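entry_26.txt follows (compact mmCIF, C-alpha atoms):
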# COMPACT_ATOMS: atom_id res chain seq x y z
CA MET V 1 10.45 18.03 -17.03
CA ASP V 2 8.30 21.11 -16.70
CA GLU V 3 4.61 20.89 -16.33
CA ARG V 4 3.22 19.81 -19.63
CA ILE V 5 -0.19 19.95 -21.18
CA SER V 6 -0.71 16.68 -22.93
CA GLN V 7 -2.43 17.04 -26.27
CA ARG V 8 -3.89 13.62 -25.82
CA VAL V 9 -6.41 13.14 -23.07
CA PRO V 10 -4.72 10.83 -20.56
CA ASP V 11 -6.28 7.38 -20.34
CA TRP V 12 -6.77 7.96 -16.62
CA LEU V 13 -9.16 10.84 -17.24
CA LEU V 14 -10.79 9.07 -20.18
CA GLU V 15 -11.62 6.16 -17.91
CA ARG V 16 -13.16 8.44 -15.33
CA LEU V 17 -15.11 10.26 -18.01
CA ALA V 18 -16.46 6.99 -19.38
CA LEU V 19 -17.59 6.02 -15.90
CA GLY V 20 -19.26 9.37 -15.33
CA GLU V 21 -17.04 10.06 -12.34
CA LEU V 22 -15.51 13.37 -13.33
CA PRO V 23 -16.86 16.60 -11.88
CA ALA V 24 -19.15 18.31 -14.38
CA ALA V 25 -16.77 21.10 -15.32
CA GLN V 26 -13.84 18.75 -15.79
CA ALA V 27 -15.97 16.33 -17.79
CA GLU V 28 -16.97 19.14 -20.09
CA GLU V 29 -13.34 20.15 -20.55
CA ILE V 30 -12.27 16.60 -21.30
CA ARG V 31 -15.06 16.15 -23.82
CA ARG V 32 -13.94 19.35 -25.51
CA ARG V 33 -10.37 18.10 -25.66
CA LEU V 34 -11.51 14.73 -26.96
CA ALA V 35 -13.52 16.38 -29.70
CA ALA V 36 -10.41 18.27 -30.77
CA GLU V 37 -8.21 15.21 -30.57
CA GLU V 38 -7.74 13.08 -33.64
CA GLY V 39 -9.65 9.88 -33.06
CA GLY V 40 -10.77 11.16 -29.69
CA ALA V 41 -14.39 10.07 -29.98
CA ALA V 42 -13.32 6.62 -31.06
CA ARG V 43 -11.37 6.21 -27.85
CA LEU V 44 -14.53 6.25 -25.78
CA GLU V 45 -16.09 3.67 -28.04
CA ALA V 46 -12.92 1.58 -27.83
CA LEU V 47 -13.22 1.62 -24.06
CA ARG V 48 -16.77 0.31 -24.22
CA LEU V 49 -15.67 -2.44 -26.58
CA SER V 50 -12.75 -3.29 -24.32
CA ASN V 51 -15.10 -3.48 -21.34
CA ARG V 52 -17.26 -6.00 -23.14
CA GLU V 53 -14.28 -8.08 -24.20
CA ILE V 54 -12.76 -8.14 -20.74
CA LEU V 55 -16.01 -9.04 -19.03
CA ALA V 56 -16.62 -11.79 -21.58
CA ALA V 57 -13.12 -13.21 -21.15
CA HIS V 58 -13.14 -12.78 -17.38
CA PRO V 59 -16.76 -13.08 -16.24
CA PRO V 60 -17.74 -11.12 -13.12
CA ARG V 61 -18.97 -14.17 -11.27
CA VAL V 62 -15.70 -16.04 -11.84
CA ILE V 63 -13.43 -13.10 -11.06
CA ALA V 64 -15.44 -12.06 -8.01
CA GLY V 65 -15.17 -15.62 -6.74
CA ALA V 66 -11.42 -15.61 -7.28
CA ILE V 67 -11.08 -12.29 -5.47
CA ARG V 68 -13.16 -13.48 -2.53
CA ALA V 69 -11.16 -16.69 -2.36
CA LYS V 70 -7.91 -14.77 -2.40
CA ASN V 71 -9.19 -12.49 0.32
CA ALA V 72 -10.35 -15.44 2.39
CA ARG V 73 -6.98 -17.12 2.02
CA LEU V 74 -5.28 -14.02 3.36
CA GLY V 75 -7.74 -13.87 6.24
CA ARG V 76 -7.24 -17.50 7.09
CA ASP V 77 -3.47 -17.11 6.98
CA GLY V 78 -3.68 -14.29 9.46
CA GLN V 79 -6.07 -16.08 11.79
CA ARG V 80 -4.13 -19.31 11.67
CA GLU V 81 -1.18 -17.63 13.27
CA ARG V 82 -3.30 -15.96 15.93
CA ALA V 83 -4.85 -17.84 18.79
CA PRO V 84 -8.57 -17.96 17.96
CA ARG V 85 -9.67 -17.44 21.54
CA ARG V 86 -8.83 -13.77 21.50
CA GLY V 87 -10.73 -11.01 19.80
CA LEU V 88 -7.91 -9.24 18.10
CA ALA V 89 -8.85 -6.17 16.11
CA TRP V 90 -6.53 -5.91 13.15
CA GLY V 91 -7.15 -2.47 11.74
CA LEU V 92 -7.94 -2.62 8.09
CA GLY V 93 -7.20 -6.30 7.99
CA LEU V 94 -10.58 -7.00 9.51
CA ALA V 95 -13.52 -7.22 7.21
CA ALA V 96 -15.99 -6.56 10.00
CA PRO V 97 -17.55 -3.11 9.74
CA ALA V 98 -17.07 -2.55 13.44
CA ALA V 99 -13.34 -3.02 13.14
CA ALA V 100 -13.19 -0.80 10.11
CA ALA V 101 -15.11 1.87 11.95
CA LEU V 102 -12.69 1.57 14.83
CA LEU V 103 -9.79 2.34 12.57
CA VAL V 104 -11.46 5.24 10.85
CA VAL V 105 -12.30 6.81 14.16
CA ALA V 106 -8.96 6.06 15.72
CA LEU V 107 -6.95 7.46 12.84
CA SER V 108 -9.15 10.39 12.06
CA PRO V 109 -7.55 13.74 11.21
CA GLY V 110 -7.35 16.46 13.75
CA VAL V 111 -4.70 15.26 16.13
CA THR V 112 -1.95 17.72 16.69
CA GLN V 113 1.20 16.17 18.07
CA THR V 114 3.49 14.55 15.56
CA PRO V 115 6.12 11.93 16.15
CA SER V 116 9.59 13.35 15.80
CA ALA V 117 10.88 13.33 12.28
CA GLU V 118 14.05 11.90 13.73
CA THR V 119 12.22 8.76 14.59
CA THR V 120 11.18 8.17 11.02
CA ARG V 121 14.55 8.88 9.50
CA MET V 122 17.03 6.17 8.81
CA LYS V 123 19.56 5.75 11.58
CA GLY V 124 22.74 3.87 10.85
CA LEU V 125 22.74 0.97 8.48
CA GLU V 126 20.67 -1.62 10.29
CA PRO V 127 17.04 -2.43 9.62
CA ARG V 128 14.74 -1.56 12.48
CA LEU V 129 11.17 -1.31 13.57
CA VAL V 130 9.35 1.83 14.64
CA VAL V 131 6.14 1.65 16.66
CA HIS V 132 3.78 4.59 17.07
CA ARG V 133 0.92 4.57 19.53
CA LYS V 134 -2.23 6.57 19.18
CA ALA V 135 -2.81 8.32 22.47
CA GLY V 136 -5.88 10.49 22.68
CA GLY V 137 -5.44 13.03 19.95
CA ASP V 138 -1.71 12.48 19.74
CA ALA V 139 0.72 9.90 18.50
CA GLU V 140 3.87 8.87 20.29
CA THR V 141 6.81 6.76 19.31
CA LEU V 142 7.36 3.81 21.61
CA SER V 143 10.80 2.75 22.68
CA ASP V 144 11.89 -0.81 23.33
CA GLY V 145 10.48 -1.87 26.69
CA ALA V 146 7.66 0.67 26.70
CA THR V 147 4.52 -0.23 28.59
CA VAL V 148 1.34 -0.74 26.63
CA ARG V 149 -2.20 -1.77 27.42
CA ALA V 150 -4.92 -3.80 25.80
CA HIS V 151 -6.74 -1.75 23.16
CA ASP V 152 -3.80 0.55 22.52
CA LEU V 153 -3.74 1.33 18.82
CA LEU V 154 -0.32 0.85 17.25
CA GLN V 155 1.04 1.78 13.87
CA LEU V 156 4.11 -0.18 12.80
CA ALA V 157 6.80 1.06 10.47
CA TYR V 158 10.05 -0.41 9.30
CA VAL V 159 13.35 0.99 8.13
CA ALA V 160 14.75 -1.36 5.51
CA ALA V 161 18.25 0.16 5.56
CA GLY V 162 19.04 -1.32 2.19
CA GLN V 163 17.56 -4.76 2.81
CA ARG V 164 15.27 -5.74 -0.03
CA TYR V 165 12.94 -8.30 1.49
CA GLY V 166 11.30 -8.56 4.85
CA VAL V 167 8.72 -10.12 7.12
CA ILE V 168 7.28 -8.67 10.30
CA VAL V 169 5.79 -11.03 12.84
CA SER V 170 4.81 -10.60 16.44
CA LEU V 171 4.79 -12.90 19.41
CA ASP V 172 2.84 -12.23 22.56
CA GLY V 173 2.56 -13.46 26.09
CA GLY V 174 -0.55 -15.42 25.19
CA GLY V 175 1.45 -17.67 22.90
CA ALA V 176 0.18 -16.22 19.65
CA VAL V 177 2.22 -15.52 16.55
CA THR V 178 0.87 -12.97 14.11
CA ARG V 179 2.12 -11.95 10.72
CA HIS V 180 2.07 -8.25 9.98
CA LEU V 181 4.05 -8.02 6.76
CA PRO V 182 3.28 -9.09 4.18
CA ALA V 183 -0.47 -9.21 4.75
CA GLY V 184 -0.74 -12.31 2.59
CA GLY V 185 1.13 -14.60 0.28
CA THR V 186 3.97 -16.96 0.88
CA ASP V 187 6.98 -14.79 0.09
CA ALA V 188 8.63 -12.04 2.08
CA ALA V 189 7.53 -8.55 1.13
CA ALA V 190 9.64 -6.42 -1.17
CA LEU V 191 10.65 -3.63 1.17
CA ASP V 192 10.46 0.03 0.41
CA GLY V 193 13.91 1.53 0.33
CA GLN V 194 15.41 3.91 2.80
CA GLY V 195 13.50 5.70 5.50
CA ALA V 196 10.55 4.54 7.54
CA THR V 197 7.70 2.83 5.76
CA LEU V 198 4.40 2.49 7.55
CA LEU V 199 2.42 -0.71 7.29
CA PRO V 200 -1.02 -0.22 5.78
CA ASN V 201 -2.78 -1.58 8.85
CA ALA V 202 -3.01 -0.13 12.31
CA TYR V 203 -3.05 -2.74 15.03
CA GLU V 204 -5.10 -2.81 18.21
CA LEU V 205 -3.54 -4.72 21.07
CA ASP V 206 -5.65 -7.37 22.67
CA ASP V 207 -5.51 -8.58 26.25
CA ALA V 208 -2.62 -11.00 25.85
CA PRO V 209 -0.54 -10.79 29.01
CA THR V 210 3.04 -9.85 29.74
CA PHE V 211 4.46 -8.69 26.43
CA GLU V 212 4.02 -8.02 22.75
CA ARG V 213 7.16 -8.46 20.68
CA PHE V 214 7.48 -7.37 17.06
CA VAL V 215 10.24 -8.89 14.96
CA LEU V 216 11.49 -7.65 11.60
CA VAL V 217 13.30 -10.31 9.58
CA THR V 218 15.11 -9.07 6.49
CA SER V 219 17.33 -10.28 3.71
CA ASP V 220 18.88 -9.17 0.47
CA SER V 221 17.22 -12.14 -1.20
CA PRO V 222 13.64 -13.42 -1.29
CA PHE V 223 12.70 -15.88 1.42
CA PRO V 224 9.50 -17.59 2.55
CA VAL V 225 7.28 -15.95 5.15
CA GLU V 226 7.01 -19.32 6.77
CA THR V 227 10.70 -19.18 7.72
CA ALA V 228 10.03 -16.29 10.08
CA LEU V 229 6.67 -17.63 11.26
CA ALA V 230 8.07 -21.05 12.06
CA ALA V 231 10.99 -19.56 13.96
CA ALA V 232 8.59 -17.43 15.97
CA ARG V 233 6.32 -20.37 16.71
CA ASP V 234 9.33 -22.35 17.89
CA ILE V 235 9.99 -19.98 20.76
CA VAL V 236 6.65 -18.33 21.48
CA ALA V 237 5.81 -20.73 24.29
CA ASP V 238 9.29 -20.51 25.84
CA ALA V 239 10.13 -18.46 28.88
CA GLY V 240 12.51 -16.37 26.79
CA ALA V 241 10.03 -15.60 24.03
CA ALA V 242 10.18 -11.89 24.72
CA THR V 243 13.90 -11.63 24.19
CA ARG V 244 15.38 -14.72 22.59
CA PRO V 245 16.49 -14.26 18.97
CA LEU V 246 14.64 -16.30 16.39
CA ALA V 247 16.60 -19.26 15.05
CA LEU V 248 16.89 -18.19 11.44
CA PRO V 249 18.90 -19.49 8.49
CA GLU V 250 22.13 -17.77 7.61
CA GLY V 251 21.65 -14.64 5.56
CA LEU V 252 18.57 -13.43 7.42
CA LYS V 253 18.81 -10.46 9.76
CA GLN V 254 16.45 -9.79 12.62
CA THR V 255 15.62 -6.95 14.90
CA SER V 256 12.81 -6.67 17.39
CA ILE V 257 11.07 -4.34 19.75
CA VAL V 258 9.40 -5.58 22.92
CA LEU V 259 6.47 -3.83 24.55
CA ARG V 260 5.54 -4.70 28.10
CA LYS V 261 1.88 -5.22 28.83
CA ALA V 262 0.45 -3.40 31.84
CA ARG V 263 -1.70 -5.54 34.12
CA MET W 1 -19.96 -0.54 4.27
CA ALA W 2 -19.87 -3.96 2.63
CA ILE W 3 -18.50 -4.02 -0.88
CA ASP W 4 -20.34 -5.89 -3.60
CA VAL W 5 -17.16 -7.05 -5.27
CA GLN W 6 -18.92 -8.61 -8.24
CA ALA W 7 -20.83 -5.44 -9.03
CA LEU W 8 -17.73 -3.31 -8.52
CA TYR W 9 -15.66 -5.58 -10.76
CA GLU W 10 -18.36 -5.45 -13.40
CA SER W 11 -18.39 -1.66 -13.39
CA HIS W 12 -14.70 -0.92 -12.76
CA GLY W 13 -12.76 -4.16 -13.24
CA PRO W 14 -12.00 -3.63 -16.93
CA MET W 15 -10.59 -0.21 -16.14
CA VAL W 16 -8.36 -1.68 -13.44
CA LEU W 17 -7.20 -4.48 -15.72
CA ARG W 18 -6.35 -2.02 -18.49
CA ARG W 19 -4.34 0.01 -15.98
CA CYS W 20 -2.43 -3.07 -14.84
CA ARG W 21 -1.85 -4.17 -18.43
CA SER W 22 -0.45 -0.79 -19.38
CA LEU W 23 2.00 -0.78 -16.48
CA LEU W 24 3.00 -4.43 -16.30
CA ARG W 25 2.91 -5.34 -20.01
CA ASP W 26 2.04 -8.90 -19.15
CA GLU W 27 -1.45 -10.33 -19.23
CA ASP W 28 -1.04 -12.90 -16.47
CA ARG W 29 0.66 -10.48 -14.12
CA ALA W 30 -1.91 -7.84 -14.93
CA LEU W 31 -4.79 -10.20 -14.12
CA ASP W 32 -3.18 -11.14 -10.85
CA ALA W 33 -2.49 -7.52 -9.96
CA MET W 34 -6.05 -6.56 -10.83
CA GLN W 35 -7.36 -9.16 -8.42
CA ASP W 36 -4.99 -7.88 -5.76
CA VAL W 37 -6.41 -4.39 -6.16
CA PHE W 38 -9.89 -5.69 -5.37
CA VAL W 39 -8.60 -7.79 -2.50
CA LEU W 40 -6.97 -4.69 -1.07
CA LEU W 41 -10.22 -2.88 -1.48
CA LEU W 42 -12.10 -5.59 0.39
CA ARG W 43 -9.61 -5.35 3.19
CA ASN W 44 -9.79 -1.57 3.30
CA ASP W 45 -13.47 -1.08 2.70
CA ALA W 46 -13.77 1.69 5.28
CA ARG W 47 -11.80 3.94 3.02
CA LEU W 48 -13.69 3.31 -0.17
CA VAL W 49 -15.09 6.39 -1.80
CA ALA W 50 -18.40 4.87 -2.63
CA ASP W 51 -19.74 7.28 -5.20
CA ALA W 52 -16.68 7.61 -7.44
CA PRO W 53 -14.16 4.84 -6.84
CA ALA W 54 -12.38 5.03 -10.22
CA SER W 55 -9.68 7.42 -9.08
CA LEU W 56 -9.02 5.40 -5.95
CA LEU W 57 -8.88 2.15 -7.90
CA LEU W 58 -6.53 3.62 -10.49
CA ARG W 59 -4.20 4.84 -7.78
CA MET W 60 -4.33 1.50 -6.00
CA ALA W 61 -3.62 -0.30 -9.25
CA THR W 62 -0.69 2.00 -9.91
CA ASN W 63 0.81 1.27 -6.52
CA VAL W 64 0.23 -2.47 -6.77
CA CYS W 65 1.90 -2.52 -10.18
CA LEU W 66 4.81 -0.36 -9.05
CA ASN W 67 5.44 -2.76 -6.20
CA ARG W 68 5.47 -5.64 -8.65
CA ILE W 69 7.77 -3.84 -11.04
CA ARG W 70 10.06 -3.10 -8.15
CA SER W 71 10.22 -6.72 -7.11
CA THR W 72 11.05 -8.11 -10.55
CA ALA W 73 14.15 -7.92 -12.65
CA ARG W 74 12.41 -7.75 -16.00
CA LYS W 75 14.34 -5.69 -18.52
CA PRO W 76 12.41 -2.63 -19.78
CA GLU W 77 11.38 -2.87 -23.40
CA ASP W 78 11.00 0.81 -24.18
CA ALA W 79 11.55 4.27 -22.77
CA ASP W 80 8.22 4.41 -20.93
CA GLU W 81 8.84 1.10 -19.26
CA ALA W 82 12.38 2.15 -18.40
CA LEU W 83 10.98 5.27 -16.76
CA LEU W 84 8.48 3.17 -14.82
CA HIS W 85 11.27 0.96 -13.57
CA ARG W 86 13.29 3.98 -12.54
CA ILE W 87 10.34 5.42 -10.64
CA ALA W 88 9.47 2.09 -9.03
CA GLY W 89 13.03 1.42 -7.95
CA ASP W 90 14.04 4.88 -6.84
CA ASP W 91 14.49 4.53 -3.12
CA GLY W 92 15.26 8.18 -2.67
CA LEU W 93 12.03 9.29 -4.25
CA GLU W 94 9.94 8.87 -1.15
CA ALA W 95 12.64 9.75 1.33
CA ARG W 96 12.43 13.51 1.26
CA SER W 97 8.81 13.68 2.28
CA LEU W 98 8.74 10.44 4.16
CA ALA W 99 8.45 11.85 7.64
CA ARG W 100 5.60 14.10 6.57
CA ALA W 101 3.93 11.30 4.67
CA ALA W 102 4.26 9.02 7.65
CA LEU W 103 2.50 11.51 9.86
CA ASP W 104 -0.19 12.11 7.31
CA ARG W 105 -0.83 8.41 7.07
CA ILE W 106 -0.93 8.03 10.81
CA PHE W 107 -3.46 10.80 11.05
CA GLY W 108 -5.55 9.52 8.20
CA ARG W 109 -4.78 12.09 5.58
CA GLU W 110 -3.32 9.45 3.30
CA PRO W 111 -1.29 11.36 0.74
CA GLU W 112 -0.61 9.58 -2.49
CA SER W 113 2.83 8.10 -2.92
CA THR W 114 5.29 10.20 -4.84
CA ARG W 115 5.94 7.25 -7.08
CA ALA W 116 2.30 7.03 -8.12
CA MET W 117 2.19 10.76 -8.76
CA ALA W 118 5.33 10.51 -10.83
CA VAL W 119 3.71 7.84 -12.99
CA MET W 120 0.60 9.95 -13.41
CA HIS W 121 2.63 12.95 -14.51
CA LEU W 122 5.49 11.40 -16.46
CA VAL W 123 3.98 8.25 -17.90
CA ASP W 124 0.29 9.06 -18.14
CA GLY W 125 0.95 12.60 -19.33
CA MET W 126 -1.29 14.28 -16.79
CA THR W 127 -0.59 17.88 -15.92
CA LEU W 128 0.42 18.80 -12.41
CA GLU W 129 -3.04 20.27 -11.93
CA GLU W 130 -4.70 17.05 -13.06
CA VAL W 131 -2.49 15.03 -10.75
CA ALA W 132 -3.26 17.40 -7.91
CA ASN W 133 -7.00 17.00 -8.54
CA GLU W 134 -6.71 13.24 -8.47
CA VAL W 135 -4.71 12.99 -5.27
CA GLY W 136 -6.23 15.89 -3.36
CA LEU W 137 -3.07 17.95 -3.05
CA SER W 138 -2.27 21.46 -4.19
CA VAL W 139 -0.42 21.92 -7.47
CA SER W 140 2.52 23.34 -5.54
CA GLY W 141 2.41 20.33 -3.25
CA VAL W 142 2.60 17.95 -6.20
CA ARG W 143 5.34 20.03 -7.79
CA LYS W 144 7.32 19.93 -4.57
CA ARG W 145 6.91 16.18 -4.21
CA LEU W 146 8.11 15.62 -7.76
CA ARG W 147 11.02 18.03 -7.58
CA THR W 148 13.33 15.31 -6.35
CA LEU W 149 12.35 13.14 -9.27
CA LYS W 150 12.98 15.93 -11.70
CA GLU W 151 16.48 16.36 -10.36
CA ARG W 152 17.12 12.65 -10.60
CA VAL W 153 15.80 12.36 -14.14
CA VAL W 154 17.89 15.32 -15.26
CA ALA W 155 20.93 13.80 -13.61
CA ALA W 156 20.26 10.42 -15.18
CA GLU W 157 19.88 11.90 -18.64
CA ALA W 158 22.96 14.13 -18.35
Do you think you could lay out the structure here as structure tokens?
Amino acid sequence: MDERISQRVPDWLLERLALGELPAAQAEEIRRRLAAEEGGAARLEALRLSNREILAAHPPRVIAGAIRAKNARLGRDGQRERAPRRGLAWGLGLAAPAAAALLVVALSPGVTQTPSAETTRMKGLEPRLVVHRKAGGDAETLSDGATVRAHDLLQLAYVAAGQRYGVIVSLDGGGAVTRHLPAGGTDAAALDGQGATLLPNAYELDDAPTFERFVLVTSDSPFPVETALAAARDIVADAGAATRPLALPEGLKQTSIVLRKAR
Amino acid sequence: MAIDVQALYESHGPMVLRRCRSLLRDEDRALDAMQDVFVLLLRNDARLVADAPASLLLRMATNVCLNRIRSTARKPEDADEALLHRIAGDDGLEARSLARAALDRIFGREPESTRAMAVMHLVDGMTLEEVANEVGLSVSGVRKRLRTLKERVVAAEA
């Protein structure tokens, strides 16, 4: 599997050429290769024809509406689990430009300290959660029981340890349950294999009191997200919400990490 | 920056759908995956490269499709599809560089997944240099990331 020079211009580059998004020098090279390729010129024309067919079969107004509706459904799902009284900033999950700007600034390059590689390597055979906190220009890995504050920016990761499906939810001292993985949909996420996998969204803590508890629920088989959410909702208002295991059906594993909120 | 999803679909949607079709080989799943790519984009709009989003969209589509391939038990119909399944389901593929990748993601450098790069190189037929250009890594960086895959493919074919 040595590096190979494909005689045929890859579709990927053809698409970018057709859209006028290749740098000038690369576009010139691709055009040259296309000219030398049998049927090369026809491929560009075929793309244009395909564009017309796709847009006719799936009109922009209809598809854009479906995409917006899907996005709104995901947003509503997230908000429904979170008490509406609090202004939670959910990293990339927020559509608001201010929230997006927050994430871009907070996760900008240039920080120097790195979490230990040991913390992102699989330990043992049990699924687990890893929580990093952005602290100034550094990032630190939080241990169970660590103290956090409102507006701390957290990055969650999970270690699947061979489990194929999972859901991450959190409970806090304000009585809110939030889903973190998957971002949307009704089924547990298909987990990435071994090692630590970061969630796509960073998460800014709000001012909920007392604690923030993240729970990873996993299984070898698919299961509904609602199973984990319902179990979390069942205990979130209890005195033992920070520590009590979720009441889950047989076959589901759980592990959690609890962060204590500073006053 | 707000995204005009209708305009973006009109300009780039067919490309995304073709990408999803080529990887998933199923029209319904491809349509659904294509929509998911745009939903992801809406939810990640701060990271959109506004002036040339094709590369980003193609990479997102690749990752969305790989996740779907990984979560289904469909039997591959040909060698390319079998290779895709192997890439999508290879848990060890990301492990070697995982710690580094995790840090890069935390600090916003966002390296492309090794799986997506493997698809670009092995399935799409892009050279290492072309892959490197697309994902913003050095050629040696891409080569290093794919070395594990090479070893696995050789072992699997032995």
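One finds atom CA of Ala157 of chain V at 5.7 Å from atom CA of Leu199 of chain V.
One finds atom CA of Gly162 of chain V at 19.4 Å from atom CA of Leu248 of chain V.
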What is the distance between atom CA of Tyr158 of chain V and atom CA of Leu129 of chain V, in Å to one decimal?
-> 4.5 Å
Nearest to Ile168 of chain V among V:Ala64, V:Val130, V:Ile30, V:Ala146, with distances taken over all atoms listed in the file: which residue is it?
-> V:Val130
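For the choices W:His12, W:Arg68, W:Met60, W:Pro53, the atom-to-atom distance to Asp32 of chain W is smallest for W:Arg68 when using all atoms listed in the file.
Proximity ranking of V:Arg133, V:Arg43, V:Arg263, V:Arg233 relative to chain W places V:Arg133 first, based on only C-alpha atoms.
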